[in-house]
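The next block is structure.txt, given as compact mmCIF, C-alpha atoms.
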```
# COMPACT_ATOMS: atom_id res chain seq x y z
CA MET A 4 61.53 56.13 -35.03
CA ALA A 5 58.05 56.84 -36.24
CA HIS A 6 57.21 54.49 -39.05
CA GLY A 7 54.23 56.44 -40.18
CA THR A 8 51.98 53.53 -39.35
CA ALA A 9 50.82 54.91 -36.05
CA HIS A 10 48.56 57.64 -37.32
CA HIS A 11 45.48 56.37 -39.11
CA HIS A 12 44.32 53.61 -36.83
CA GLU A 13 40.67 53.44 -35.97
CA SER A 14 39.74 52.01 -32.61
CA ASN A 15 39.08 48.27 -32.40
CA THR A 16 37.65 48.38 -28.90
CA LYS A 17 34.34 46.86 -29.89
CA LYS A 18 35.98 43.90 -31.60
CA ILE A 19 38.28 43.35 -28.61
CA TRP A 20 35.32 43.01 -26.25
CA THR A 21 33.59 40.66 -28.70
CA VAL A 22 36.64 38.40 -28.70
CA PHE A 23 36.74 38.57 -24.91
CA VAL A 24 33.13 37.41 -24.74
CA ILE A 25 33.86 34.54 -27.17
CA LEU A 26 36.91 33.41 -25.17
CA SER A 27 34.95 33.59 -21.91
CA ILE A 28 32.05 31.58 -23.27
CA VAL A 29 34.35 28.90 -24.67
CA THR A 30 36.19 28.68 -21.33
CA LEU A 31 32.86 28.45 -19.53
CA ILE A 32 31.75 25.59 -21.79
CA GLU A 33 35.03 23.79 -21.08
CA VAL A 34 34.65 24.23 -17.34
CA VAL A 35 31.03 23.05 -17.31
CA LEU A 36 31.90 20.00 -19.42
CA GLY A 37 34.90 19.37 -17.17
CA ILE A 38 32.75 19.41 -14.04
CA PHE A 39 29.83 17.35 -15.31
CA LYS A 40 31.71 15.06 -17.71
CA PRO A 41 28.63 13.83 -19.63
CA GLU A 42 28.62 10.05 -19.69
CA PHE A 43 28.04 9.58 -23.40
CA LEU A 44 30.93 11.90 -24.24
CA THR A 45 33.42 10.11 -21.98
CA ARG A 46 32.23 6.69 -23.16
CA THR A 47 32.31 7.36 -26.86
CA SER A 48 35.75 6.88 -28.25
CA PHE A 49 36.95 8.41 -31.49
CA LEU A 50 40.43 7.67 -32.82
CA SER A 51 41.38 6.09 -29.47
CA MET A 52 40.47 9.20 -27.48
CA SER A 53 37.18 10.01 -25.78
CA LEU A 54 34.87 12.44 -27.52
CA LEU A 55 35.05 14.77 -24.51
CA ASN A 56 38.83 15.09 -24.85
CA TRP A 57 38.46 15.83 -28.55
CA ILE A 58 35.99 18.59 -27.71
CA PHE A 59 38.41 20.05 -25.16
CA ILE A 60 41.29 20.04 -27.61
CA ILE A 61 39.27 21.53 -30.45
CA LEU A 62 37.90 24.28 -28.19
CA THR A 63 41.46 25.00 -27.03
CA ILE A 64 42.68 25.41 -30.58
CA TYR A 65 39.66 27.60 -31.28
CA LYS A 66 40.67 29.83 -28.37
CA ALA A 67 44.29 29.84 -29.49
CA TYR A 68 43.15 30.97 -32.93
CA TYR A 69 41.29 33.95 -31.50
CA ILE A 70 44.17 34.95 -29.24
CA ALA A 71 46.71 34.76 -32.07
CA TRP A 72 44.53 36.29 -34.77
CA SER A 73 42.85 39.04 -32.83
CA PHE A 74 44.94 39.84 -29.75
CA MET A 75 48.33 39.20 -31.33
CA HIS A 76 47.01 40.80 -34.50
CA LEU A 77 48.15 38.06 -36.88
CA GLU A 78 45.20 38.79 -39.16
CA GLY A 79 46.72 42.18 -39.92
CA GLU A 80 50.20 40.88 -40.78
CA THR A 81 51.31 39.99 -44.27
CA LYS A 82 50.63 36.51 -45.54
CA GLY A 83 54.35 35.70 -45.53
CA LEU A 84 54.90 36.53 -41.86
CA ARG A 85 51.71 34.78 -40.85
CA ARG A 86 52.69 31.59 -42.63
CA ALA A 87 56.25 31.71 -41.31
CA ILE A 88 54.82 31.74 -37.81
CA VAL A 89 51.82 29.43 -38.09
CA TRP A 90 53.10 26.77 -40.47
CA THR A 91 56.45 26.42 -38.71
CA SER A 92 54.77 25.83 -35.39
CA VAL A 93 51.93 23.67 -36.67
CA PHE A 94 54.07 21.25 -38.67
CA LEU A 95 56.85 20.88 -36.11
CA ILE A 96 54.46 20.48 -33.20
CA SER A 97 52.23 17.97 -35.01
CA TYR A 98 55.25 15.86 -35.82
CA LEU A 99 56.57 16.03 -32.27
CA ILE A 100 53.23 15.07 -30.78
CA PHE A 101 52.75 12.23 -33.25
CA ILE A 102 56.14 10.70 -32.59
CA LEU A 103 56.06 11.04 -28.79
CA LEU A 104 52.52 9.84 -28.27
CA THR A 105 53.06 6.84 -30.54
CA GLU A 106 56.17 5.95 -28.58
CA GLY A 107 54.43 6.47 -25.24
CA ASP A 108 51.62 4.15 -26.29
CA TYR A 109 54.13 1.54 -27.43
CA ILE A 110 55.89 1.58 -24.05
CA TYR A 111 52.52 1.28 -22.31
CA GLU A 112 51.76 -1.85 -24.35
CA VAL A 113 55.17 -3.34 -23.56
CA PHE A 114 54.67 -2.76 -19.82
CA LYS A 115 51.16 -4.14 -19.98
CA SER A 116 52.02 -7.36 -21.78
CA ASN A 117 54.75 -7.97 -19.18
CA HIS A 118 57.72 -8.40 -21.43
CA VAL A 119 59.36 -6.01 -19.03
CA ALA A 120 58.79 -6.14 -15.30
CA TRP A 121 58.55 -2.71 -13.76
CA ASP A 122 56.37 -3.12 -10.68
CA PHE A 123 58.47 -5.05 -8.16
CA MET B 14 85.30 57.09 -49.46
CA GLU B 15 83.63 57.17 -52.81
CA ALA B 16 85.40 53.99 -53.80
CA THR B 17 83.21 51.94 -51.46
CA VAL B 18 79.98 52.98 -53.12
CA VAL B 19 78.94 50.26 -55.49
CA ARG B 20 76.19 50.70 -58.03
CA THR B 21 74.51 47.39 -58.71
CA GLY B 22 71.89 48.57 -61.08
CA THR B 23 69.16 47.04 -58.94
CA GLU B 24 68.21 50.21 -57.03
CA GLY B 25 64.48 50.49 -56.64
CA LYS B 26 63.94 46.91 -57.80
CA THR B 27 62.76 43.99 -55.66
CA TRP B 28 66.23 42.78 -54.72
CA GLY B 29 67.75 46.24 -54.47
CA GLY B 30 67.30 46.38 -50.74
CA GLY B 31 65.45 48.89 -48.65
CA ASN B 32 62.05 47.25 -48.98
CA GLU B 33 60.14 45.41 -46.29
CA PRO B 34 58.53 42.30 -47.74
CA LEU B 35 56.87 41.39 -44.43
CA LYS B 36 55.85 45.00 -43.67
CA SER B 37 56.78 44.49 -40.06
CA SER B 38 59.31 46.41 -38.01
CA TYR B 39 62.53 44.74 -36.90
CA GLY B 40 61.53 44.65 -33.23
CA LYS B 41 58.15 43.11 -33.82
CA MET B 42 59.58 40.47 -36.12
CA MET B 43 62.24 39.52 -33.58
CA MET B 44 59.54 39.23 -30.92
CA TRP B 45 57.65 36.88 -33.23
CA PHE B 46 60.76 34.78 -33.84
CA PHE B 47 61.29 34.54 -30.10
CA ILE B 48 57.65 33.58 -29.57
CA VAL B 49 57.80 30.83 -32.19
CA SER B 50 60.92 29.32 -30.63
CA ASP B 51 59.42 29.63 -27.15
CA ALA B 52 56.23 28.00 -28.40
CA LEU B 53 58.32 25.07 -29.61
CA THR B 54 59.95 24.82 -26.17
CA PHE B 55 56.58 24.68 -24.48
CA SER B 56 55.33 22.15 -27.02
CA GLY B 57 58.36 20.03 -26.22
CA PHE B 58 57.41 20.06 -22.54
CA LEU B 59 53.75 19.39 -23.17
CA ALA B 60 54.49 16.62 -25.67
CA ALA B 61 56.85 15.01 -23.14
CA TYR B 62 54.03 15.26 -20.62
CA GLY B 63 51.76 13.55 -23.15
CA PHE B 64 54.38 10.85 -23.66
CA SER B 65 54.46 10.08 -19.93
CA ARG B 66 50.71 10.12 -19.76
CA PHE B 67 50.40 7.63 -22.58
CA LYS B 68 53.06 5.53 -20.91
CA PHE B 69 51.05 5.48 -17.66
CA MET B 70 47.72 5.55 -19.45
CA ASP B 71 45.90 3.39 -16.90
CA SER B 72 47.42 4.82 -13.73
CA TRP B 73 47.53 8.59 -14.21
CA PRO B 74 45.88 10.67 -11.46
CA ILE B 75 42.44 12.15 -12.08
CA ALA B 76 42.88 15.94 -12.18
CA ASP B 77 39.55 16.66 -10.49
CA GLU B 78 40.68 14.75 -7.41
CA VAL B 79 44.01 16.53 -7.19
CA PHE B 80 43.05 20.13 -7.89
CA ASN B 81 39.88 20.55 -5.88
CA HIS B 82 40.62 23.42 -3.54
CA PHE B 83 39.06 26.86 -3.44
CA PRO B 84 40.02 29.70 -1.11
CA PHE B 85 37.95 29.86 2.10
CA LEU B 86 36.14 26.63 1.24
CA HIS B 87 38.01 24.16 3.40
CA GLY B 88 37.18 20.52 2.91
CA VAL B 89 34.74 21.32 0.10
CA ASP B 90 35.29 19.35 -3.08
CA ALA B 91 35.51 22.12 -5.69
CA PRO B 92 37.21 20.81 -8.82
CA MET B 93 37.95 23.19 -11.70
CA TYR B 94 36.55 26.37 -10.16
CA TYR B 95 39.83 27.79 -8.98
CA VAL B 96 41.73 27.11 -12.17
CA ALA B 97 38.81 28.46 -14.19
CA LEU B 98 39.08 31.65 -12.16
CA MET B 99 42.81 31.83 -12.88
CA THR B 100 42.11 31.37 -16.58
CA PHE B 101 39.61 34.23 -16.55
CA ILE B 102 42.09 36.48 -14.75
CA LEU B 103 44.72 35.80 -17.39
CA ILE B 104 42.33 36.22 -20.33
CA PHE B 105 41.11 39.47 -18.84
CA SER B 106 44.64 40.80 -18.40
CA SER B 107 45.18 39.90 -22.05
CA VAL B 108 42.15 42.00 -22.93
CA THR B 109 43.41 45.02 -20.98
CA MET B 110 46.78 44.55 -22.71
CA VAL B 111 45.22 44.65 -26.17
CA LEU B 112 43.19 47.69 -25.10
CA ALA B 113 46.46 49.37 -24.09
CA VAL B 114 47.92 48.59 -27.52
CA ASP B 115 44.77 49.97 -29.13
CA ALA B 116 45.00 53.17 -27.08
CA GLY B 117 48.66 53.40 -28.07
CA HIS B 118 47.69 53.49 -31.74
CA GLN B 119 45.70 56.62 -30.94
CA LEU B 120 48.60 58.06 -28.94
CA ASN B 121 46.34 58.28 -25.90
CA LYS B 122 48.82 58.27 -23.05
CA ALA B 123 46.29 58.32 -20.21
CA LYS B 124 44.45 55.28 -21.52
CA VAL B 125 47.64 53.33 -22.22
CA THR B 126 48.77 54.01 -18.66
CA PHE B 127 45.47 52.89 -17.18
CA TYR B 128 45.24 49.66 -19.18
CA MET B 129 48.92 48.79 -18.66
CA PHE B 130 48.33 49.21 -14.94
CA LEU B 131 45.35 46.83 -15.02
CA THR B 132 47.41 44.31 -16.99
CA ILE B 133 50.17 44.35 -14.39
CA ILE B 134 47.66 43.90 -11.57
CA GLY B 135 46.09 40.96 -13.42
CA GLY B 136 49.50 39.36 -13.86
CA ILE B 137 50.33 39.75 -10.18
CA ILE B 138 46.99 38.25 -9.13
CA PHE B 139 47.61 35.31 -11.44
CA LEU B 140 51.06 34.74 -9.95
CA GLY B 141 49.59 34.80 -6.46
CA SER B 142 46.96 32.26 -7.47
CA GLN B 143 49.63 30.07 -8.95
CA ALA B 144 51.55 30.19 -5.67
CA TRP B 145 48.44 29.17 -3.75
CA GLU B 146 47.86 26.29 -6.15
CA TRP B 147 51.44 25.12 -5.61
CA LYS B 148 51.03 25.38 -1.86
CA ASN B 149 48.05 23.02 -1.94
CA PHE B 150 49.82 20.66 -4.29
CA ILE B 151 52.96 20.52 -2.17
CA ASN B 152 51.18 20.10 1.16
CA GLY B 153 48.70 17.55 -0.11
CA THR B 154 45.42 16.66 1.53
CA TYR B 155 45.21 13.02 2.52
CA GLY B 156 48.65 11.52 2.22
CA ALA B 157 49.37 8.05 0.88
CA VAL B 158 51.70 5.10 1.08
CA TYR B 159 54.25 4.33 -1.60
CA THR B 160 55.34 0.85 -2.59
CA ASN B 161 58.69 -0.66 -3.52
CA GLY B 162 57.66 -0.47 -7.16
CA GLY B 163 57.06 3.26 -6.91
CA ASN B 164 53.26 3.06 -6.89
CA VAL B 165 50.98 4.98 -4.59
CA LEU B 166 48.32 3.40 -2.36
CA GLN B 167 45.54 5.64 -1.11
CA PHE B 168 43.06 4.93 1.68
CA ILE B 169 39.29 5.04 1.56
CA ASP B 170 36.54 4.13 3.99
CA GLY B 171 33.51 1.94 3.39
CA ASP B 172 31.61 4.76 1.64
CA GLY B 173 34.42 5.35 -0.85
CA HIS B 174 35.56 8.63 0.71
CA ARG B 175 39.26 9.33 0.99
CA VAL B 176 40.76 8.99 4.45
CA ALA B 177 43.69 11.06 5.64
CA LEU B 178 46.77 9.44 7.19
CA ALA B 179 46.12 11.36 10.41
CA ASP B 180 42.82 9.51 10.85
CA ILE B 181 44.43 6.12 10.33
CA ALA B 182 47.72 6.16 12.17
CA ILE B 183 48.03 4.85 15.68
CA PRO B 184 50.94 6.82 17.13
CA ALA B 185 53.59 4.50 18.44
CA ALA B 186 55.87 5.23 21.36
CA SER B 187 59.05 4.13 19.65
CA ASP B 188 59.10 6.95 17.15
CA ARG B 189 62.33 7.64 15.35
CA VAL B 190 63.28 11.28 15.70
CA GLU B 191 64.36 13.36 12.76
CA HIS B 192 68.09 13.90 12.84
CA GLU B 193 68.95 17.59 12.89
CA SER B 194 72.38 19.07 12.41
CA LYS B 195 72.30 20.64 15.87
CA ASN B 196 72.17 17.17 17.49
CA GLY B 197 75.30 15.77 15.92
CA VAL B 198 77.92 16.66 13.42
CA TRP B 199 76.92 20.16 12.36
CA PHE B 200 76.85 19.48 8.60
CA GLU B 201 74.72 16.36 8.76
CA SER B 202 70.97 16.58 8.68
CA GLU B 203 68.26 14.61 6.92
CA LYS B 204 65.15 15.39 4.92
CA ALA B 205 62.01 16.22 6.86
CA MET B 206 60.38 13.02 8.07
CA PRO B 207 56.70 12.35 7.35
CA SER B 208 54.32 12.88 10.24
CA TYR B 209 53.65 9.15 10.54
CA SER B 210 55.81 6.10 10.05
CA ILE B 211 54.73 3.22 7.85
CA GLU B 212 54.40 0.97 10.93
CA GLU B 213 51.92 3.36 12.52
CA ILE B 214 49.87 3.34 9.33
CA LYS B 215 49.95 -0.44 9.09
CA ALA B 216 48.87 -0.79 12.74
CA GLY B 217 46.07 1.72 12.26
CA PHE B 218 44.91 0.06 9.07
CA ALA B 219 44.75 -3.36 10.71
CA ALA B 220 42.79 -1.94 13.64
CA ASN B 221 40.06 -0.33 11.54
CA PRO B 222 38.09 -2.91 9.51
CA ASP B 223 36.33 -0.18 7.49
CA LEU B 224 39.42 0.90 5.63
CA LEU B 225 40.25 -0.19 2.10
CA ILE B 226 43.07 0.53 -0.29
CA ARG B 227 42.67 2.26 -3.60
CA THR B 228 45.36 1.67 -6.20
CA GLN B 229 46.22 3.89 -9.13
CA ILE B 230 45.02 1.46 -11.77
CA MET B 231 41.94 2.66 -13.65
CA THR B 232 38.96 0.41 -14.20
CA GLU B 233 36.99 0.31 -17.45
CA GLU B 234 34.68 2.97 -16.00
CA GLY B 235 37.56 5.40 -15.59
CA GLU B 236 37.66 5.08 -11.82
CA LYS B 237 40.47 3.91 -9.59
CA THR B 238 40.52 0.26 -8.54
CA ILE B 239 39.44 -0.47 -4.97
CA LEU B 240 40.84 -3.60 -3.36
CA SER B 241 38.89 -5.89 -1.05
CA ARG B 242 39.77 -5.88 2.64
CA GLU B 243 41.90 -9.06 2.35
CA GLU B 244 43.70 -7.82 -0.75
CA SER B 245 44.25 -4.46 0.93
CA ILE B 246 45.92 -5.97 3.99
CA ALA B 247 48.09 -8.24 1.87
CA LYS B 248 49.09 -5.36 -0.38
CA LEU B 249 49.99 -3.13 2.54
CA ASP B 250 52.00 -5.84 4.30
CA ASN B 251 53.91 -7.00 1.24
CA GLU B 252 54.55 -3.88 -0.77
CA ALA B 253 54.29 -0.73 1.34
CA ALA B 254 57.66 0.94 1.67
CA GLY B 255 57.00 4.36 3.16
CA VAL B 256 54.66 7.27 3.73
CA VAL B 257 54.29 10.20 1.37
CA GLU B 258 52.50 13.46 2.17
CA GLY B 259 51.96 16.06 -0.53
CA ALA B 260 54.40 16.29 -3.38
CA ASN B 261 58.05 16.86 -4.10
CA LEU B 262 60.21 16.05 -7.09
CA THR B 263 60.88 12.47 -5.94
CA ARG B 264 57.38 11.30 -5.13
CA ASN B 265 53.87 12.57 -4.56
CA GLU B 266 50.68 11.28 -3.00
CA TYR B 267 48.69 11.59 -6.22
CA GLY B 268 50.29 9.09 -8.57
CA PRO B 269 53.42 8.52 -10.66
CA PRO B 270 56.33 10.79 -9.65
CA LEU B 271 56.36 12.14 -13.20
CA PHE B 272 52.93 13.67 -12.60
CA GLY B 273 54.34 15.90 -9.89
CA ASP B 274 57.51 16.62 -11.83
CA PHE B 275 55.67 17.74 -14.93
CA PHE B 276 53.24 19.81 -12.89
CA PHE B 277 56.09 21.65 -11.18
CA PHE B 278 58.11 22.01 -14.33
CA ILE B 279 55.47 23.13 -16.80
CA THR B 280 53.36 25.36 -14.56
CA GLY B 281 56.62 26.61 -13.06
CA PHE B 282 58.06 27.47 -16.44
CA HIS B 283 54.82 29.17 -17.40
CA GLY B 284 54.75 31.02 -14.08
CA PHE B 285 58.30 32.17 -14.75
CA HIS B 286 57.10 33.57 -18.07
CA VAL B 287 54.26 35.39 -16.34
CA PHE B 288 56.76 36.75 -13.84
CA THR B 289 59.12 38.11 -16.50
CA GLY B 290 56.08 39.37 -18.41
CA VAL B 291 55.01 41.37 -15.37
CA LEU B 292 58.54 42.76 -14.99
CA ILE B 293 58.73 43.84 -18.64
CA ASN B 294 55.23 45.28 -18.38
CA ILE B 295 56.36 47.35 -15.40
CA VAL B 296 59.38 48.67 -17.33
CA ILE B 297 57.14 49.64 -20.26
CA PHE B 298 54.57 51.09 -17.85
CA PHE B 299 57.15 53.49 -16.42
CA ASN B 300 58.33 54.38 -19.89
CA VAL B 301 54.76 55.28 -20.77
CA LEU B 302 54.48 57.35 -17.59
CA LEU B 303 57.75 59.15 -18.35
CA GLY B 304 56.45 59.99 -21.80
CA THR B 305 59.16 58.13 -23.72
CA TYR B 306 56.73 56.90 -26.34
CA GLU B 307 54.79 60.13 -26.31
CA ARG B 308 57.97 61.86 -27.51
CA ARG B 309 58.56 59.17 -30.13
CA LYS B 310 54.99 59.55 -31.31
CA ASN B 311 54.99 55.76 -31.42
CA TYR B 312 53.77 53.20 -28.93
CA GLU B 313 55.19 50.16 -30.70
CA MET B 314 57.05 49.02 -27.57
CA VAL B 315 53.68 48.49 -25.90
CA GLU B 316 52.68 46.37 -28.89
CA LYS B 317 55.82 44.23 -28.59
CA VAL B 318 55.44 43.53 -24.89
CA GLY B 319 51.78 42.93 -25.67
CA LEU B 320 52.75 40.15 -28.09
CA TYR B 321 54.74 38.49 -25.32
CA TRP B 322 51.92 38.87 -22.83
CA HIS B 323 49.36 37.32 -25.19
CA PHE B 324 51.74 34.48 -25.83
CA VAL B 325 51.85 33.76 -22.11
CA ASP B 326 48.05 33.69 -22.15
CA LEU B 327 48.12 31.39 -25.18
CA VAL B 328 50.39 28.92 -23.41
CA TRP B 329 48.15 28.94 -20.37
CA VAL B 330 45.17 27.98 -22.54
CA PHE B 331 47.04 24.79 -23.48
CA VAL B 332 48.38 24.10 -19.98
CA PHE B 333 44.84 24.50 -18.66
CA THR B 334 43.52 21.96 -21.15
CA PHE B 335 46.20 19.32 -20.71
CA PHE B 336 46.62 19.50 -16.94
CA TYR B 337 43.09 20.12 -15.79
CA LEU B 338 40.62 19.08 -18.48
CA VAL B 339 41.83 16.20 -20.60
```

Could you write out this structure as structure tokens?
Amino acid sequence: MAHGTAHHHESNTKKIWTVFVILSIVTLIEVVLGIFKPEFLTRTSFLSMSLLNWIFIILTIYKAYYIAWSFMHLEGETKGLRRAIVWTSVFLISYLIFILLTEGDYIYEVFKSNHVAWDF
Amino acid sequence: MEATVVRTGTEGKTWGGGNEPLKSSYGKMMMWFFIVSDALTFSGFLAAYGFSRFKFMDSWPIADEVFNHFPFLHGVDAPMYYVALMTFILIFSSVTMVLAVDAGHQLNKAKVTFYMFLTIIGGIIFLGSQAWEWKNFINGTYGAVYTNGGNVLQFIDGDGHRVALADIAIPAASDRVEHESKNGVWFESEKAMPSYSIEEIKAGFAANPDLLIRTQIMTEEGEKTILSREESIAKLDNEAAGVVEGANLTRNEYGPPLFGDFFFFITGFHGFHVFTGVLINIVIFFNVLLGTYERRKNYEMVEKVGLYWHFVDLVWVFVFTFFYLV
């Protein structure tokens, strides 16, 4: 069963703790922002979403990157495997989100402009 | 049997077989394929959640008002803290998992055992926290009234604080009693009745001039609309259909029924993943203890279950963002 890969690994303990600290700090920032909700961030809208929500989503993807690259060790895999995993997910998910959110917004507009009665 | 041996002339060349273009073992690759497909499943759920949110853009509940409990702090408004704690627990169990994998690379059985153990404990604590979160969600805090159109009306006092149904209702003598199977035909029973009837709430509301109704509709400032006293009474008289306390799959006291449904479904599906993750971790833990991987001189099984465990953490990062932050 031994693949011969198990022998010459140096310890990555230091890097693991660094990533843990990064993830914790990012989570802490999210929580603090979530509790205080700074006015100018919630008021400012960018691409029909508040700046605060954009910050949350970007920080989430940043965390996801560290978990996948460091903890799941994607950085050590071959380029082919990495792309098979990341590109598949990224393209399919982006498309799904785009189509569903557009549709959701459309239905919201229809309800709002009262072409369809839904609140009896 | 020699006849079956075919020489293709490609031995040792790229397409001759026997090489590993992705330099990854079969098991690890299959785990990755599973993770990608599972990630797409979760994205489907979360995107559907996003769809419903966009559809009810101006009437979705505010997360901070729904998830504001913390153990031993009764009646204290503590948004975010508990879920932040849960997130830290899960991230930390991910760290101990990756430390176990790291120790496995050095064939250090004692360390792998120790870190696997910590990972399992972290997973169990997370599951317990999840259960507590569900308990609060299902029981609810204040209660509300639902309308014929499926909306939720909540009650506030003059200062804008939420008021619980128990503080409003004037108990009436002519209460209808819940029908239990022991009182009639043995197979007929009904769902648990709410603590108060809609008539009791209406009577109590009319008797207390301080009370106002808060609808789900958001104002420009991102707060829920508060009706005037006259509007409140008219709304309650014309539209109120029943009382709702806490949450189930049909309705909840927080907002659109879909809010409760998605909460149960997505956090439930994630919790199920954590649960199976803990089970698989336990299996691997005992294999480590028994020395299975020690004999193989290879701890790759720990790495594979580690991939799954990190994936569960990864999903939680997104659930955390879309249910509690955004």

* Residues at most 12 Å from Val89 in chain A, counting all atoms listed in the file, excluding those fewer than 3 positions away in the same chain, as JSON, numbers by chain? -> {"A": [67, 68, 71, 72, 77, 78, 80, 82, 83, 84, 85, 86, 92, 93, 94, 95, 96, 97], "B": [45, 46, 48, 49, 50, 52, 53]}

* Residues near range 98-104 of chain A, cut-off 7 Å, only C-alpha atoms, skip fewer than 6 positions along chain, as a list in words ->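 The filter keeps Ala60, Ala61, Gly63, Phe64 and Phe67 of chain B.
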
* Asked: Expressed in Å to a single decimal, how great is the separation between CA of His82 in chain B and CA of His323 in chain B?
  ->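 Atom-to-atom, CA of His82 in chain B to CA of His323 in chain B, that is 27.2 Å.
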
* To one decimal in Å, tell me the separation between CA of Leu327 in chain B and CA of Asn121 in chain B. => 27.0 Å

Expected residue set, 12 Å radius at (58.5, 26.6, -14.3), only C-alpha atoms, as a PDB file with C-alpha atoms, in the coordinates of the input:
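The resulting file, part-v8.pdb, is shown below:
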```pdb
ATOM      1  CA  PHE B  55      56.580  24.680 -24.480  1.00  0.00           C
ATOM      2  CA  PHE B  58      57.410  20.060 -22.540  1.00  0.00           C
ATOM      3  CA  LEU B 140      51.060  34.740  -9.950  1.00  0.00           C
ATOM      4  CA  GLN B 143      49.630  30.070  -8.950  1.00  0.00           C
ATOM      5  CA  ALA B 144      51.550  30.190  -5.670  1.00  0.00           C
ATOM      6  CA  TRP B 147      51.440  25.120  -5.610  1.00  0.00           C
ATOM      7  CA  ASP B 274      57.510  16.620 -11.830  1.00  0.00           C
ATOM      8  CA  PHE B 275      55.670  17.740 -14.930  1.00  0.00           C
ATOM      9  CA  PHE B 276      53.240  19.810 -12.890  1.00  0.00           C
ATOM     10  CA  PHE B 277      56.090  21.650 -11.180  1.00  0.00           C
ATOM     11  CA  PHE B 278      58.110  22.010 -14.330  1.00  0.00           C
ATOM     12  CA  ILE B 279      55.470  23.130 -16.800  1.00  0.00           C
ATOM     13  CA  THR B 280      53.360  25.360 -14.560  1.00  0.00           C
ATOM     14  CA  GLY B 281      56.620  26.610 -13.060  1.00  0.00           C
ATOM     15  CA  PHE B 282      58.060  27.470 -16.440  1.00  0.00           C
ATOM     16  CA  HIS B 283      54.820  29.170 -17.400  1.00  0.00           C
ATOM     17  CA  GLY B 284      54.750  31.020 -14.080  1.00  0.00           C
ATOM     18  CA  PHE B 285      58.300  32.170 -14.750  1.00  0.00           C
ATOM     19  CA  HIS B 286      57.100  33.570 -18.070  1.00  0.00           C
ATOM     20  CA  VAL B 287      54.260  35.390 -16.340  1.00  0.00           C
ATOM     21  CA  PHE B 288      56.760  36.750 -13.840  1.00  0.00           C
ATOM     22  CA  THR B 289      59.120  38.110 -16.500  1.00  0.00           C
ATOM     23  CA  VAL B 332      48.380  24.100 -19.980  1.00  0.00           C
TER      24      VAL B 332
END
```

Please define a box with edges along x, y and z of the file around all atoms of range 52-58 of chain A given in the file, extend it by 3 Å on each side, and return its centre and edge lengths in Å to one decimal, as AutoDock Vina command-line options.
```
--center_x 37.7 --center_y 13.9 --center_z -26.5 --size_x 11.6 --size_y 15.4 --size_z 10.0
```

* **Computed interatomic separation between CA of Ile61 in chain A and CA of Phe333 in chain B (Å)** =>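 Interatomic distance here is 13.4 Å.
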
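With distances restricted to all atoms listed in the file, A:Leu55 is the closest residue to Phe39 in chain A from A:Ile64, A:Lys17, A:Thr81, A:Leu55.
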
* To do: Would you mind telling me which residue in A:Asn56, A:Ser51, A:Ser73, A:Ser116 lies nearest to chain B when using all atoms listed in the file?
  =>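 Of A:Asn56, A:Ser51, A:Ser73, A:Ser116, the one nearest chain B is A:Asn56, counting all atoms listed in the file.
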
* Which is closer to Asn152 in chain B than all the others in B:Ile169, B:Met93, B:Ala260, B:Ala220, using only C-alpha atoms? -> B:Ala260

* **Nearest residue to chain A from the set B:Phe127, B:Phe331, B:Tyr159, B:Trp73 (distances using all atoms listed in the file)** =>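 Of B:Phe127, B:Phe331, B:Tyr159, B:Trp73, the one nearest chain A is B:Phe331, counting all atoms listed in the file.
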
* Please identify all polymer residues within 12 Å of Arg46 in chain A, counting only C-alpha atoms, omitting same-chain residues fewer than 4 positions from it, and present them as a list in words. =>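 Surrounding residues, per the criterion: Lys40, Pro41, Glu42, Ser51, Met52, Ser53, Leu54, Leu55 and Asn56 of chain A; Glu233, Glu234 and Gly235 of chain B.
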